[in-house]
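Encoded as structure tokens, the structure appears first; notes follow it.
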Amino acid sequence: MATGQRVEVDGLSKSFGDVRAVDALSFTVEPGEITAFLGPNGAGKTTTLRMLLGLIEPTDGTATIGGTPYAELPRPATVVGAALEASSFHPGRSGRDHLRVYCAVNGFADSRADDVLALVGLTDAARRPVRGYSLGMRQRLGLATALLGDPGVLVLDEPANGLDPAGIAWLRGFLKQLADEGRTMLVSSHALSEVQQIADRVVIIDNGHLVRAGRLDELATGGRVLVVTPDAERFAEVLKSSGAVVSRDSAADTLETSGLSAREVGRLAFEHRVELHALETRQDGLEQIFFSLTTAVSQQP
Ligand SMILES: Nc1ncnc2c1ncn2[C@@H]1O[C@H](COP(=O)(O)OP(=O)(O)OP(=O)(O)O)[C@@H](O)[C@H]1O
């Protein structure tokens, strides 16, 4: 395997006419880690990945792999493997033949085709035409194609699309294994829940802009305190005057606050002789944080 190299995106921008698809985007992706590249539909993820892979020219800025732009890599398929779309296979060709064409183009031994088919669990379907493959099988074939040159960097656009729950579980384990081997893994998704269990870092974009980048565990900070009290109206005022953001539910006796710890809320209740029936800390779910940072619309009620 080629060693995993650092991916660096610096001030990257792309305009399509009036549409600023990617706007001064900067982030890095480190070897040995899975970085989830997140954003709602239309955020600019695919456009960014296409610039990283030299498929379209940036309007501004740079994207490099180990310090070199993709277009200048001497043998790119041995450095970076990419799976951008699951649909660009010749329908009449078998999965195995599809891979063999890539082997021929890139100067890899034909046996690599069988190696990667086995890796992604497609050996049994290898000789069948791709037209009969499910979307999930096409995703696996895309992954196999990306792995042909045994690259140290993998760039995967929405690899979980079309996979059933068992396929997603398989994918998670597979991607983790690839990262553990020292590869640099950049995996895009429009849903945090898909990558939450495996990502080490997240890069979140919206409308072409970076909204958050960092370790996943650091993202999961901050929280809310839930208070149940028969004196909700008065206590809400007390909390607000201490700087908390307070909302009151329709049951009227429950307050949800942020900006103060449970200890501070409890102390205020004591000082103001407010009767408390419950005091509970709620850690914000990562999914909730994602929705609060982006314009993505929650599918949850
Ligand atoms: N070739 C193009 N010509 C014009 N506009 C484009 C082109 N490609 C992308 N866009 C626009 O750029 C913006 C970003 O699109 P992009 O496909 O990069 O987003 P995305 O985050 O990958 O979304 P999705 O999750 O839906 O794939 C969108 O407004 C899109 O309509």
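Simple scheme: letters A, B, ... for chains in structure tokens order, numbers from 1 for residues in each chain, numbers from 1 for ligands in the order shown.
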Q: Within region 20-227 of chain A, find each residue whose DSSP state, derived from the backbone, is alpha helix (DSSP H), and express the selection as a PyMOL selection string.
A: chain A and resi 45-52+76-79+95-106+111-119+135-147+165-180+192-195+216-219
Restricting the output to C-alpha atoms, write the selected residues as an mmCIF file, in the first residue's frame.
data_model
loop_
_atom_site.group_PDB
_atom_site.id
_atom_site.type_symbol
_atom_site.label_atom_id
_atom_site.label_comp_id
_atom_site.auth_asym_id
_atom_site.auth_seq_id
_atom_site.Cartn_x
_atom_site.Cartn_y
_atom_site.Cartn_z
ATOM 1 C CA LYS A 45 -19.328 18.475 -1.395
ATOM 2 C CA THR A 46 -19.197 16.846 -4.824
ATOM 3 C CA THR A 47 -17.812 20.006 -6.419
ATOM 4 C CA THR A 48 -15.029 20.085 -3.795
ATOM 5 C CA LEU A 49 -14.173 16.421 -4.345
ATOM 6 C CA ARG A 50 -14.160 16.903 -8.113
ATOM 7 C CA MET A 51 -11.667 19.760 -7.733
ATOM 8 C CA LEU A 52 -9.513 17.648 -5.404
ATOM 9 C CA PRO A 76 -2.344 9.078 -9.441
ATOM 10 C CA ALA A 77 -4.200 5.741 -9.215
ATOM 11 C CA THR A 78 -1.502 4.434 -6.859
ATOM 12 C CA VAL A 79 -1.800 7.504 -4.634
ATOM 13 C CA GLY A 95 -17.716 -6.180 -12.799
ATOM 14 C CA ARG A 96 -14.539 -8.140 -13.335
ATOM 15 C CA ASP A 97 -14.083 -6.867 -16.896
ATOM 16 C CA HIS A 98 -14.748 -3.317 -15.765
ATOM 17 C CA LEU A 99 -11.884 -3.645 -13.291
ATOM 18 C CA ARG A 100 -9.638 -5.325 -15.831
ATOM 19 C CA VAL A 101 -10.041 -2.363 -18.179
ATOM 20 C CA TYR A 102 -8.819 -0.141 -15.338
ATOM 21 C CA CYS A 103 -5.932 -2.531 -14.706
ATOM 22 C CA ALA A 104 -4.909 -2.316 -18.363
ATOM 23 C CA VAL A 105 -5.149 1.484 -18.438
ATOM 24 C CA ASN A 106 -3.109 1.858 -15.270
ATOM 25 C CA SER A 111 -5.052 -10.361 -10.726
ATOM 26 C CA ARG A 112 -5.700 -7.081 -8.879
ATOM 27 C CA ALA A 113 -9.266 -7.191 -10.241
ATOM 28 C CA ASP A 114 -9.984 -10.443 -8.413
ATOM 29 C CA ASP A 115 -8.192 -9.216 -5.282
ATOM 30 C CA VAL A 116 -10.352 -6.123 -4.940
ATOM 31 C CA LEU A 117 -13.564 -7.966 -5.881
ATOM 32 C CA ALA A 118 -12.882 -10.301 -2.974
ATOM 33 C CA LEU A 119 -12.150 -7.358 -0.679
ATOM 34 C CA LEU A 135 -27.197 0.080 -6.356
ATOM 35 C CA GLY A 136 -25.406 -1.389 -3.349
ATOM 36 C CA MET A 137 -23.409 -3.734 -5.582
ATOM 37 C CA ARG A 138 -22.467 -0.806 -7.804
ATOM 38 C CA GLN A 139 -21.259 1.039 -4.728
ATOM 39 C CA ARG A 140 -19.083 -1.950 -3.882
ATOM 40 C CA LEU A 141 -17.760 -2.044 -7.439
ATOM 41 C CA GLY A 142 -16.951 1.669 -7.175
ATOM 42 C CA LEU A 143 -15.016 0.963 -3.993
ATOM 43 C CA ALA A 144 -13.224 -1.931 -5.665
ATOM 44 C CA THR A 145 -12.220 0.376 -8.531
ATOM 45 C CA ALA A 146 -10.876 2.932 -6.062
ATOM 46 C CA LEU A 147 -8.788 0.242 -4.370
ATOM 47 C CA PRO A 165 -28.493 -1.862 6.795
ATOM 48 C CA ALA A 166 -26.275 -4.940 6.520
ATOM 49 C CA GLY A 167 -24.352 -3.269 3.684
ATOM 50 C CA ILE A 168 -23.895 -0.111 5.757
ATOM 51 C CA ALA A 169 -22.619 -2.142 8.696
ATOM 52 C CA TRP A 170 -20.178 -3.887 6.361
ATOM 53 C CA LEU A 171 -19.074 -0.555 4.875
ATOM 54 C CA ARG A 172 -18.390 0.940 8.295
ATOM 55 C CA GLY A 173 -16.147 -1.963 9.275
ATOM 56 C CA PHE A 174 -14.420 -1.888 5.908
ATOM 57 C CA LEU A 175 -13.699 1.852 5.978
ATOM 58 C CA LYS A 176 -12.425 1.605 9.541
ATOM 59 C CA GLN A 177 -10.074 -1.176 8.542
ATOM 60 C CA LEU A 178 -8.750 0.887 5.628
ATOM 61 C CA ALA A 179 -8.093 3.819 7.977
ATOM 62 C CA ASP A 180 -6.448 1.555 10.553
ATOM 63 C CA LEU A 192 -24.153 12.668 10.078
ATOM 64 C CA SER A 193 -25.896 9.583 11.425
ATOM 65 C CA GLU A 194 -24.366 7.507 8.628
ATOM 66 C CA VAL A 195 -20.792 8.320 9.554
ATOM 67 C CA LEU A 216 -16.029 14.386 16.238
ATOM 68 C CA ASP A 217 -15.754 14.029 20.020
ATOM 69 C CA GLU A 218 -15.059 17.764 20.319
ATOM 70 C CA LEU A 219 -18.177 18.550 18.344
#
Shell of 8 Å around region 7-18 of chain A, only C-alpha atoms, local chain residues under 5 positions omitted, as a compact mmCIF listing (two decimals) with C-alpha atoms, in the first residue's frame:
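Here's the written file result03.txt:
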# COMPACT_ATOMS: atom_id res chain seq x y z
CA ASP A 23 -16.44 29.48 -1.36
CA ALA A 24 -12.93 29.90 0.10
CA LEU A 25 -12.94 26.45 1.66
CA SER A 26 -9.95 25.32 3.72
CA PHE A 27 -9.47 22.08 5.65
CA THR A 28 -7.04 19.17 5.99
CA VAL A 29 -7.47 15.41 6.05
CA GLU A 30 -4.94 13.36 8.00
CA THR A 47 -17.81 20.01 -6.42
CA THR A 48 -15.03 20.08 -3.79
CA LEU A 52 -9.51 17.65 -5.40
CA GLU A 57 -10.65 23.52 -12.33
CA PRO A 58 -11.01 25.63 -9.20
CA THR A 59 -11.97 29.26 -9.70
CA ASP A 60 -9.56 29.99 -6.85
CA GLY A 61 -7.44 28.22 -4.28
CA THR A 62 -5.71 24.84 -4.23
CA ALA A 63 -6.33 21.23 -3.31
CA THR A 64 -3.28 19.00 -2.86
CA ILE A 65 -2.43 15.43 -1.92
CA GLY A 66 0.88 15.15 -0.10
CA GLY A 67 1.56 18.70 -1.28
CA THR A 184 -6.23 8.91 4.56
Q.
What parts of region 56-125 of chain A does DSSP call strand (DSSP E)? I'd like the answer as a list in words.
A.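 Put together, the selection reads Asp60, Gly61, Thr62, Ala63, Thr64, Ile65, Thr68, Pro69, Val80, Gly81, Ala82 and Ala83 of chain A.
Among the candidates A:Ala2, A:Ala252, A:Val187, A:Ala125, the one nearest to ligand 1 when counting only C-alpha atoms and all ligand atoms is A:Val187.
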8 Å shell around ligand 1 using only C-alpha atoms and all ligand atoms, listed as a PDB file with N, CA and C atoms, in the first residue's frame:
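What follows is the written file selection30.pdb:
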ATOM      1  N   SER A  15     -17.058  28.763  -8.889  1.00  0.00           N
ATOM      2  CA  SER A  15     -18.311  29.402  -9.318  1.00  0.00           C
ATOM      3  C   SER A  15     -18.784  28.755 -10.599  1.00  0.00           C
ATOM      4  N   PHE A  16     -20.076  28.495 -10.671  1.00  0.00           N
ATOM      5  CA  PHE A  16     -20.716  28.104 -11.934  1.00  0.00           C
ATOM      6  C   PHE A  16     -21.631  29.258 -12.289  1.00  0.00           C
ATOM      7  N   GLY A  17     -21.180  30.127 -13.180  1.00  0.00           N
ATOM      8  CA  GLY A  17     -21.973  31.320 -13.470  1.00  0.00           C
ATOM      9  C   GLY A  17     -22.159  32.121 -12.191  1.00  0.00           C
ATOM     10  N   VAL A  19     -23.607  30.944  -9.541  1.00  0.00           N
ATOM     11  CA  VAL A  19     -23.657  30.061  -8.356  1.00  0.00           C
ATOM     12  C   VAL A  19     -22.256  29.867  -7.784  1.00  0.00           C
ATOM     13  N   ARG A  20     -22.088  30.288  -6.549  1.00  0.00           N
ATOM     14  CA  ARG A  20     -20.822  30.094  -5.842  1.00  0.00           C
ATOM     15  C   ARG A  20     -20.932  28.742  -5.126  1.00  0.00           C
ATOM     16  N   ALA A  21     -20.565  27.659  -5.826  1.00  0.00           N
ATOM     17  CA  ALA A  21     -20.780  26.310  -5.283  1.00  0.00           C
ATOM     18  C   ALA A  21     -19.859  26.033  -4.112  1.00  0.00           C
ATOM     19  N   VAL A  22     -18.610  26.519  -4.190  1.00  0.00           N
ATOM     20  CA  VAL A  22     -17.634  26.344  -3.113  1.00  0.00           C
ATOM     21  C   VAL A  22     -16.965  27.698  -2.905  1.00  0.00           C
ATOM     22  N   LEU A  38     -19.238  16.578   5.478  1.00  0.00           N
ATOM     23  CA  LEU A  38     -20.685  16.625   5.647  1.00  0.00           C
ATOM     24  C   LEU A  38     -21.291  17.941   5.181  1.00  0.00           C
ATOM     25  N   GLY A  39     -22.516  17.838   4.721  1.00  0.00           N
ATOM     26  CA  GLY A  39     -23.253  19.045   4.354  1.00  0.00           C
ATOM     27  C   GLY A  39     -24.553  18.629   3.718  1.00  0.00           C
ATOM     28  N   PRO A  40     -25.564  19.477   3.809  1.00  0.00           N
ATOM     29  CA  PRO A  40     -26.843  19.130   3.184  1.00  0.00           C
ATOM     30  C   PRO A  40     -26.719  19.071   1.661  1.00  0.00           C
ATOM     31  N   ASN A  41     -27.747  18.587   1.001  1.00  0.00           N
ATOM     32  CA  ASN A  41     -27.750  18.524  -0.470  1.00  0.00           C
ATOM     33  C   ASN A  41     -27.433  19.901  -1.042  1.00  0.00           C
ATOM     34  N   GLY A  42     -26.546  19.906  -2.017  1.00  0.00           N
ATOM     35  CA  GLY A  42     -26.213  21.167  -2.680  1.00  0.00           C
ATOM     36  C   GLY A  42     -25.195  22.017  -1.945  1.00  0.00           C
ATOM     37  N   ALA A  43     -24.616  21.495  -0.856  1.00  0.00           N
ATOM     38  CA  ALA A  43     -23.677  22.282  -0.047  1.00  0.00           C
ATOM     39  C   ALA A  43     -22.364  22.544  -0.774  1.00  0.00           C
ATOM     40  N   GLY A  44     -22.028  21.659  -1.720  1.00  0.00           N
ATOM     41  CA  GLY A  44     -20.775  21.844  -2.457  1.00  0.00           C
ATOM     42  C   GLY A  44     -19.779  20.702  -2.258  1.00  0.00           C
ATOM     43  N   LYS A  45     -20.237  19.593  -1.687  1.00  0.00           N
ATOM     44  CA  LYS A  45     -19.328  18.475  -1.395  1.00  0.00           C
ATOM     45  C   LYS A  45     -18.756  17.864  -2.682  1.00  0.00           C
ATOM     46  N   THR A  46     -19.658  17.501  -3.592  1.00  0.00           N
ATOM     47  CA  THR A  46     -19.197  16.846  -4.824  1.00  0.00           C
ATOM     48  C   THR A  46     -18.284  17.777  -5.615  1.00  0.00           C
ATOM     49  N   THR A  47     -18.640  19.039  -5.683  1.00  0.00           N
ATOM     50  CA  THR A  47     -17.812  20.006  -6.419  1.00  0.00           C
ATOM     51  C   THR A  47     -16.414  20.070  -5.804  1.00  0.00           C
ATOM     52  N   THR A  48     -16.331  20.065  -4.476  1.00  0.00           N
ATOM     53  CA  THR A  48     -15.029  20.085  -3.795  1.00  0.00           C
ATOM     54  C   THR A  48     -14.221  18.837  -4.139  1.00  0.00           C
ATOM     55  N   GLU A 158     -20.451   9.821  -0.818  1.00  0.00           N
ATOM     56  CA  GLU A 158     -21.691   9.156  -0.392  1.00  0.00           C
ATOM     57  C   GLU A 158     -21.631   7.631  -0.599  1.00  0.00           C
ATOM     58  N   SER A 189     -20.884  12.664   3.061  1.00  0.00           N
ATOM     59  CA  SER A 189     -22.229  12.185   3.384  1.00  0.00           C
ATOM     60  C   SER A 189     -23.127  13.388   3.638  1.00  0.00           C
ATOM     61  N   HIS A 190     -24.427  13.223   3.344  1.00  0.00           N
ATOM     62  CA  HIS A 190     -25.334  14.322   3.700  1.00  0.00           C
ATOM     63  C   HIS A 190     -25.969  14.060   5.063  1.00  0.00           C
ATOM     64  N   ASP A 206     -21.716  24.220   4.324  1.00  0.00           N
ATOM     65  CA  ASP A 206     -23.077  24.600   3.966  1.00  0.00           C
ATOM     66  C   ASP A 206     -22.970  25.782   3.009  1.00  0.00           C
ATOM     67  N   ASN A 207     -23.725  25.753   1.941  1.00  0.00           N
ATOM     68  CA  ASN A 207     -23.664  26.827   0.942  1.00  0.00           C
ATOM     69  C   ASN A 207     -22.242  27.127   0.496  1.00  0.00           C
ATOM     70  N   GLY A 208     -21.426  26.089   0.373  1.00  0.00           N
ATOM     71  CA  GLY A 208     -20.057  26.283  -0.101  1.00  0.00           C
ATOM     72  C   GLY A 208     -19.076  26.740   0.960  1.00  0.00           C
TER      73      GLY A 208
END
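Of the residues listed (A:Ala213, A:Ala278, A:Ala109, A:Leu186), A:Leu186 shows the shortest atom-to-atom separation from Val153 (chain A); distances use only C-alpha atoms.
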(Q) What's around Asp200 (chain A) at 7 Å? Count only C-alpha atoms, leave out sequence neighbours fewer than 6 positions away in its own chain, and write the answer as a list in words. (A) Glu33, Ile34, Thr35, Arg215 and Leu216 of chain A
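Between Asn161 (chain A) and the residues A:Glu275, A:Asp249, A:Glu256, A:Glu85, the shortest atom-to-atom distance, using only C-alpha atoms, involves A:Glu85.
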Q | Residue with smallest distance to Leu154 (chain A) - pool A:Ala269, A:Val120, A:Ala126, A:Leu53, counting only C-alpha atoms | A | A:Leu53
